[in-house]
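Next comes target-v9.cif, with mmCIF, C-alpha atoms and all ligand atoms.
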data_my_file
loop_
_atom_site.label_atom_id
_atom_site.label_comp_id
_atom_site.auth_asym_id
_atom_site.auth_seq_id
_atom_site.Cartn_x
_atom_site.Cartn_y
_atom_site.Cartn_z
CA MET R 367 -0.42 -2.56 -23.38
CA ALA R 368 2.91 -0.82 -23.10
CA VAL R 369 4.27 0.96 -20.10
CA ASN R 370 4.10 4.74 -20.21
CA ILE R 371 7.79 5.58 -19.95
CA GLU R 372 7.19 9.27 -20.27
CA ALA R 373 4.85 9.26 -17.29
CA TYR R 374 7.37 7.20 -15.34
CA ASP R 375 10.23 9.61 -15.98
CA GLN R 376 8.06 12.54 -15.06
CA LEU R 377 6.85 10.88 -11.86
CA LYS R 378 10.39 9.93 -10.86
CA GLU R 379 11.52 13.51 -11.22
CA GLU R 380 8.49 15.03 -9.55
CA LEU R 381 8.48 12.60 -6.61
CA GLY R 382 12.25 12.35 -6.31
CA LYS R 383 12.57 16.03 -5.52
CA LYS R 384 10.19 15.58 -2.62
CA GLN R 385 11.60 12.24 -1.50
CA VAL R 386 8.32 10.47 -2.07
CA THR R 387 8.52 6.73 -2.71
CA LEU R 388 6.84 5.51 -5.87
CA VAL R 389 5.17 2.12 -5.66
CA ALA R 390 4.23 0.97 -9.15
CA VAL R 391 0.93 -0.87 -8.88
CA SER R 392 1.17 -3.75 -11.33
CA LYS R 393 -1.94 -5.75 -10.46
CA THR R 394 -3.44 -7.51 -13.48
CA LYS R 395 -0.43 -6.46 -15.58
CA PRO R 396 1.89 -8.96 -17.28
CA LEU R 397 5.44 -9.80 -16.23
CA GLU R 398 6.89 -8.00 -19.29
CA ASP R 399 5.42 -4.69 -18.13
CA ILE R 400 6.94 -5.09 -14.70
CA LEU R 401 10.30 -6.01 -16.20
CA GLU R 402 10.20 -2.98 -18.43
CA LEU R 403 10.00 -0.68 -15.41
CA TYR R 404 12.46 -2.85 -13.50
CA GLN R 405 15.01 -2.30 -16.24
CA LEU R 406 14.57 1.44 -15.78
CA GLY R 407 15.46 1.03 -12.12
CA GLN R 408 12.06 0.67 -10.48
CA ARG R 409 12.15 -1.73 -7.51
CA ASP R 410 8.96 -1.09 -5.53
CA PHE R 411 5.90 -2.79 -6.97
CA GLY R 412 2.42 -3.18 -5.50
CA GLU R 413 -0.05 -6.00 -5.94
CA ASN R 414 -3.35 -6.70 -4.27
CA TYR R 415 -4.14 -10.32 -4.98
CA VAL R 416 -2.22 -12.94 -3.05
CA GLN R 417 -2.05 -15.60 -5.71
CA GLU R 418 -1.03 -13.13 -8.37
CA LEU R 419 1.65 -11.64 -6.14
CA ALA R 420 3.08 -15.04 -5.21
CA ASP R 421 3.20 -16.13 -8.86
CA LYS R 422 4.87 -12.95 -10.01
CA ALA R 423 7.37 -12.87 -7.17
CA ALA R 424 8.48 -16.41 -8.02
CA LYS R 425 9.14 -15.46 -11.62
CA LEU R 426 10.67 -12.00 -11.31
CA PRO R 427 14.02 -10.72 -9.97
CA ALA R 428 14.54 -11.31 -6.26
CA ASP R 429 15.50 -7.74 -5.48
CA ILE R 430 12.02 -6.43 -6.25
CA ARG R 431 10.38 -5.01 -3.14
CA TRP R 432 6.81 -6.29 -3.16
CA HIS R 433 4.11 -4.28 -1.45
CA PHE R 434 0.80 -5.89 -0.68
CA ILE R 435 -1.66 -3.04 -1.02
CA GLY R 436 -5.13 -4.55 -0.95
CA HIS R 437 -7.45 -6.22 1.46
CA LEU R 438 -5.57 -9.22 2.82
CA GLN R 439 -7.47 -12.27 4.00
CA THR R 440 -6.10 -13.82 7.17
CA ASN R 441 -5.88 -17.32 5.73
CA LYS R 442 -3.68 -16.11 2.87
CA VAL R 443 -0.98 -14.33 4.84
CA LYS R 444 1.21 -17.44 4.82
CA TYR R 445 1.66 -17.31 1.06
CA ILE R 446 3.36 -13.91 1.08
CA ALA R 447 4.96 -13.87 4.53
CA PRO R 448 8.35 -15.25 3.37
CA PHE R 449 9.11 -12.39 1.02
CA VAL R 450 6.73 -9.43 1.23
CA GLN R 451 8.41 -6.07 1.87
CA LEU R 452 5.52 -4.07 3.26
CA ILE R 453 1.93 -5.01 3.94
CA GLN R 454 -0.06 -1.86 3.40
CA GLY R 455 -3.61 -1.91 4.50
CA VAL R 456 -3.74 -3.92 7.73
CA ASP R 457 -7.29 -3.33 8.86
CA SER R 458 -7.92 -5.64 11.81
CA PRO R 459 -6.23 -6.97 14.96
CA LYS R 460 -6.92 -10.50 13.77
CA LEU R 461 -5.00 -9.90 10.56
CA LEU R 462 -2.10 -8.28 12.38
CA ASN R 463 -1.90 -11.25 14.75
CA GLU R 464 -1.70 -13.65 11.86
CA ILE R 465 0.98 -11.60 10.09
CA SER R 466 3.04 -11.63 13.26
CA LYS R 467 2.62 -15.38 13.64
CA GLN R 468 3.60 -16.13 10.04
CA ALA R 469 6.52 -13.69 10.18
CA LEU R 470 7.98 -15.47 13.20
CA LYS R 471 7.63 -18.79 11.40
CA CYS R 472 9.79 -17.32 8.64
CA ASN R 473 12.21 -15.84 11.14
CA ARG R 474 11.49 -12.32 10.12
CA ILE R 475 9.74 -9.15 11.13
CA ILE R 476 7.23 -7.88 8.60
CA ASP R 477 6.74 -4.16 8.13
CA CYS R 478 3.11 -3.10 8.05
CA LEU R 479 1.01 -0.02 7.56
CA LEU R 480 -2.34 0.29 9.26
CA GLN R 481 -5.15 1.30 6.98
CA VAL R 482 -7.33 4.07 8.30
CA TYR R 483 -10.79 4.69 7.00
CA ILE R 484 -10.89 8.28 5.76
CA ALA R 485 -13.34 8.29 2.86
CA GLU R 486 -16.76 9.66 3.63
CA GLU R 487 -18.43 7.69 0.90
CA GLU R 488 -19.33 3.99 0.78
CA SER R 489 -17.58 1.34 2.83
CA LYS R 490 -13.92 0.95 2.18
CA PHE R 491 -11.72 -1.22 4.34
CA GLY R 492 -9.97 0.40 7.24
CA LEU R 493 -9.83 1.14 10.93
CA ASP R 494 -11.54 4.08 12.54
CA GLU R 495 -9.54 6.23 14.93
CA TRP R 496 -10.74 4.43 18.00
CA GLU R 497 -9.78 1.03 16.58
CA LEU R 498 -6.40 2.40 15.52
CA ASP R 499 -5.69 3.66 18.99
CA ASP R 500 -6.79 0.41 20.55
CA LEU R 501 -4.68 -1.70 18.20
CA LEU R 502 -1.56 0.39 18.76
CA SER R 503 -1.89 0.12 22.51
CA ARG R 504 -1.76 -3.67 22.27
CA LEU R 505 1.21 -4.08 19.96
CA ASN R 506 3.75 -5.30 22.44
CA GLU R 507 2.72 -8.92 22.26
CA LEU R 508 3.26 -8.98 18.53
CA LYS R 509 6.91 -9.71 17.96
CA GLY R 510 6.68 -10.42 14.24
CA VAL R 511 5.44 -7.07 13.00
CA ARG R 512 6.67 -3.52 12.93
CA ILE R 513 4.14 -0.77 12.32
CA CYS R 514 5.77 1.69 9.95
CA GLY R 515 2.92 4.10 9.43
CA LEU R 516 -0.48 4.56 7.91
CA MET R 517 -2.23 4.03 4.61
CA GLY R 518 -5.44 5.57 3.41
CA MET R 519 -7.64 5.90 0.39
CA ALA R 520 -9.69 8.99 -0.30
CA SER R 521 -13.20 8.94 -1.67
CA PHE R 522 -13.52 7.94 -5.28
CA THR R 523 -14.63 11.32 -6.61
CA THR R 524 -13.49 14.15 -8.85
CA ASP R 525 -14.16 16.60 -6.02
CA MET R 526 -10.55 17.37 -5.13
CA ASP R 527 -11.50 19.60 -2.20
CA LYS R 528 -13.13 16.63 -0.56
CA VAL R 529 -10.14 14.40 -1.36
CA ARG R 530 -7.78 17.03 0.06
CA LYS R 531 -9.75 17.22 3.30
CA GLU R 532 -9.60 13.47 3.70
CA PHE R 533 -5.84 13.44 3.16
CA GLN R 534 -5.41 16.29 5.64
CA HIS R 535 -7.34 14.28 8.17
CA LEU R 536 -5.07 11.26 7.73
CA LYS R 537 -1.95 13.44 7.95
CA LYS R 538 -3.18 14.80 11.26
CA ILE R 539 -3.62 11.30 12.66
CA PHE R 540 -0.20 10.28 11.30
CA ASP R 541 1.49 13.25 12.99
CA ARG R 542 -0.07 12.32 16.29
CA TYR R 543 1.55 8.87 16.25
CA SER R 544 4.76 9.69 14.43
CA ARG R 545 6.20 11.06 17.64
CA VAL R 546 6.01 7.63 19.20
CA SER R 547 8.90 5.31 18.44
CA THR R 548 9.27 1.89 20.03
CA SER R 549 10.60 -1.49 18.95
CA THR R 550 7.26 -2.44 17.45
CA GLN R 551 6.34 0.95 16.14
CA ASN R 552 8.21 3.35 13.93
CA PHE R 553 5.92 5.69 12.11
CA THR R 554 7.76 7.01 9.08
CA ILE R 555 5.54 6.09 6.13
CA LEU R 556 2.36 7.85 5.13
CA SER R 557 0.94 6.04 2.11
CA MET R 558 -1.70 8.05 0.31
CA GLY R 559 -2.35 8.93 -3.30
CA MET R 560 -3.07 7.00 -6.49
CA SER R 561 -3.04 7.96 -10.19
CA SER R 562 -5.93 10.37 -9.92
CA ASP R 563 -5.09 12.11 -6.66
CA TYR R 564 -1.37 11.68 -5.94
CA LYS R 565 -0.56 15.36 -6.52
CA VAL R 566 -3.01 16.42 -3.83
CA ALA R 567 -1.77 13.63 -1.57
CA VAL R 568 1.84 14.75 -1.87
CA GLU R 569 0.85 18.36 -1.21
CA GLU R 570 -0.80 17.15 1.97
CA GLY R 571 2.20 15.22 3.22
CA SER R 572 2.18 11.78 1.65
CA ASN R 573 5.63 10.20 1.31
CA LEU R 574 4.56 7.06 -0.56
CA VAL R 575 2.23 6.97 -3.53
CA ARG R 576 0.68 3.89 -5.15
CA ILE R 577 0.35 4.44 -8.87
CA GLY R 578 -1.05 1.95 -11.36
CA SER R 579 -3.02 3.14 -14.37
CA LEU R 580 -0.89 6.21 -15.02
CA LEU R 581 2.11 3.92 -15.56
CA PHE R 582 0.58 0.75 -16.96
CA GLY R 583 -2.60 2.00 -18.62
CA GLU R 584 -6.16 1.27 -17.60
CA ARG R 585 -6.86 -2.17 -16.19
CA VAL R 586 -9.19 -4.45 -18.09
CA LYS R 587 -12.14 -5.12 -15.85
CA LEU R 588 -12.48 -8.89 -15.96
CA ASN R 589 -14.52 -9.14 -12.83
CA PRO R 590 -16.81 -6.59 -11.20
CA ASP R 591 -14.24 -5.06 -8.88
CA GLY R 592 -11.77 -4.61 -11.70
CA GLY R 593 -9.63 -7.22 -10.11
CA SER R 594 -7.29 -9.93 -11.03
CA ILE R 595 -7.43 -12.61 -13.66
CA TYR R 596 -5.97 -14.92 -11.00
CA GLU R 597 -8.81 -14.98 -8.51
C1 LIG W 1 -5.24 -0.40 -7.66
C2 LIG W 1 -4.80 0.36 -6.47
C3 LIG W 1 -4.01 1.52 -6.60
C4 LIG W 1 -3.61 2.10 -7.94
O1 LIG W 1 -4.70 2.70 -8.57
P1 LIG W 1 -4.53 3.58 -9.90
O2 LIG W 1 -5.72 4.43 -9.89
O3 LIG W 1 -4.48 2.62 -11.03
O4 LIG W 1 -3.27 4.36 -9.77
C5 LIG W 1 -3.59 2.13 -5.44
N1 LIG W 1 -3.92 1.67 -4.22
C6 LIG W 1 -4.68 0.58 -4.06
C7 LIG W 1 -5.00 0.12 -2.68
C8 LIG W 1 -5.15 -0.11 -5.17
O5 LIG W 1 -5.91 -1.19 -4.98
#

Would you encode the structure as structure tokens?
Amino acid sequence: MAVNIEAYDQLKEELGKKQVTLVAVSKTKPLEDILELYQLGQRDFGENYVQELADKAAKLPADIRWHFIGHLQTNKVKYIAPFVQLIQGVDSPKLLNEISKQALKCNRIIDCLLQVYIAEEESKFGLDEWELDDLLSRLNELKGVRICGLMGMASFTTDMDKVRKEFQHLKKIFDRYSRVSTSTQNFTILSMGMSSDYKVAVEEGSNLVRIGSLLFGERVKLNPDGGSIYE
């Protein structure tokens, strides 16, 4: 399936005006599709399966900035630690500890976003506000990570009023912490919005959107969670 160049150009213009970063979510999509966008100047790509990300990163240009956007298992951090640009979606102290440990092994500091649970419906991964507060108060021991902001996913619904409320909630939390700046904490990124709700997200203050299907077409659902052919 070909990349939707028209949608890409439109997104670039729309988001560029507002200085919103576009992460092109290429999970399950072939290398050629990624290269097609790369040749148009796109450098930020998002993946959410470790094996798939590691395989793609090894085969594609080294100046691609790879974002890990899914649920990351602690025992897999080591495979992406050497090169990952931003780990979006850190949802536990245990995971953050491991990222810090692996980062130091690679002699680097890894930028992370903490994922906050904002959707009312079902159980999505993420921290609640209490856990967020607790985690941020204990950052100092973690020399291998820098917390650059927050990531959230709204409910999977066509009710845009509900989605908007959830984004507003996350923006409020973000603003509370964005005043704090220390060596381990520099809140500048608010990652919210996907293909179906990025417009609302940007209206509510998002400065990074993660867009897949709008650019690359619908994903073929090869396993029940619509996930990767690699795992
Ligand atoms: C797959 C995915 C996206 C992109 O979803 P689209 O609806 O295809 O734009 C964004 N964020 C996360 C965390 C994802 O897993």

Which residue gives the smallest distance to Trp496 in chain R among R:Ile539, R:Leu462, R:Met558, R:Leu377, with all atoms listed in the file counted? R:Ile539

Atom-to-atom span, CA of Ala368 in chain R and CA of Asp421 in chain R, Å: 20.9 Å

Closest contacts (chain R/ligand LIG 1 (chain W), max 9 Å, only C-alpha atoms and all ligand atoms) as a tab-separated table:
residue	atom	partner	partner_atom	distance
R:Val389	CA	W:LIG1	C5	8.8
R:Ala390	CA	W:LIG1	C4	8.0
R:Val391	CA	W:LIG1	C4	5.5
R:Ser392	CA	W:LIG1	C1	8.1
R:Lys393	CA	W:LIG1	C1	6.9
R:Gly412	CA	W:LIG1	C5	8.0
R:Glu413	CA	W:LIG1	O5	7.6
R:Asn414	CA	W:LIG1	O5	6.1
R:Phe434	CA	W:LIG1	C7	8.6
R:Ile435	CA	W:LIG1	C7	4.9
R:Gly436	CA	W:LIG1	C7	5.0
R:His437	CA	W:LIG1	C7	8.0
R:Gln454	CA	W:LIG1	C7	8.1
R:Gly455	CA	W:LIG1	C7	7.6
R:Met517	CA	W:LIG1	C7	8.7
R:Gly518	CA	W:LIG1	C7	8.2
R:Met519	CA	W:LIG1	C7	7.1
R:Met558	CA	W:LIG1	N1	8.1
R:Gly559	CA	W:LIG1	C5	7.2
R:Met560	CA	W:LIG1	O4	4.2
R:Ser561	CA	W:LIG1	O4	3.6
R:Ser562	CA	W:LIG1	O2	5.9
R:Asp563	CA	W:LIG1	O2	8.4
R:Tyr564	CA	W:LIG1	O4	8.5
R:Val575	CA	W:LIG1	C5	7.8
R:Arg576	CA	W:LIG1	C5	4.6
R:Ile577	CA	W:LIG1	O4	3.7
R:Gly578	CA	W:LIG1	O3	3.5
R:Ser579	CA	W:LIG1	O3	3.7
R:Leu580	CA	W:LIG1	O4	6.1
R:Leu581	CA	W:LIG1	O4	7.9
R:Phe582	CA	W:LIG1	O3	8.0
R:Gly583	CA	W:LIG1	O3	7.8
R:Glu584	CA	W:LIG1	O3	6.9
R:Arg585	CA	W:LIG1	O3	7.4
R:Gly592	CA	W:LIG1	C1	8.8
R:Gly593	CA	W:LIG1	C1	8.5

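Across the model, the gap from CA of Leu452 in chain R to CA of His433 in chain R is 4.9 Å.
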
From CA of Val566 in chain R to CA of Asp375 in chain R the spacing works out at 19.2 Å

Which one of R:Leu502, R:Ile484, R:Leu574, R:Leu406 sits closest to Pro459 in chain R if you count all atoms listed in the file? R:Leu502

Fewer than 5 positions away in the same chain doesn't count, so skip those; otherwise give me all residues within 10 Å of range 449-451 of chain R, counting only C-alpha atoms, as a short mmCIF file (atom, residue, chain, number, x, y, z; two decimals) with C-alpha atoms, in the frame of the given file.
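Written file, selection16.cif:
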data_model
loop_
_atom_site.label_atom_id
_atom_site.label_comp_id
_atom_site.auth_asym_id
_atom_site.auth_seq_id
_atom_site.Cartn_x
_atom_site.Cartn_y
_atom_site.Cartn_z
CA ASP R 410 8.96 -1.09 -5.53
CA PHE R 411 5.90 -2.79 -6.97
CA GLY R 412 2.42 -3.18 -5.50
CA LEU R 419 1.65 -11.64 -6.14
CA ALA R 420 3.08 -15.04 -5.21
CA ALA R 423 7.37 -12.87 -7.17
CA ALA R 424 8.48 -16.41 -8.02
CA ALA R 428 14.54 -11.31 -6.26
CA ILE R 430 12.02 -6.43 -6.25
CA ARG R 431 10.38 -5.01 -3.14
CA TRP R 432 6.81 -6.29 -3.16
CA HIS R 433 4.11 -4.28 -1.45
CA PHE R 434 0.80 -5.89 -0.68
CA VAL R 443 -0.98 -14.33 4.84
CA ALA R 469 6.52 -13.69 10.18
CA CYS R 472 9.79 -17.32 8.64
CA ARG R 474 11.49 -12.32 10.12
CA ILE R 475 9.74 -9.15 11.13
CA ILE R 476 7.23 -7.88 8.60
CA ASP R 477 6.74 -4.16 8.13
CA CYS R 478 3.11 -3.10 8.05
#

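By chain and then residue number, the residues within 12 Å of Gln405 in chain R are Val369, Ile371, Glu398, Asp399, Ile400, Leu401, Glu402, Leu403, Gly407, Gln408, Arg409, Leu426, Pro427 and Ile430 of chain R, counting all atoms listed in the file and disregarding those fewer than 2 positions away in sequence.
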
Pick the closest to Phe522 in chain R from R:Leu501, R:Leu556, R:Ala567, R:Ala485: which is it, counting only C-alpha atoms?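 Selected residue with least distance to Phe522 in chain R: R:Ala485.
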
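Ranking R:Lys422, R:Lys538, R:Lys531, R:Lys444 by their shortest atom-to-atom distance to Leu470 in chain R, with all atoms listed in the file included, puts R:Lys444 first.
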
Check the smallest atom-to-atom distance from each of R:Leu536, R:Leu438, R:Val511, R:Met526 to Tyr483 in chain R using only C-alpha atoms, then report the winner.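 Ranked by minimum distance to Tyr483 in chain R, first place goes to R:Leu536.
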
Taking into account only C-alpha atoms, which residue in the set R:Thr394, R:Gln551, R:Gln385, R:Gln417 is nearest to Asn506 in chain R? R:Gln551

Please determine the residues with any atom at most 9 Å from (-5.4, -7.1, 9.6) (coordinates as given in the file, with all atoms listed in the file counting) and report them as a VMD selection string. chain R and resid 437 to 440 455 to 465 480 to 481
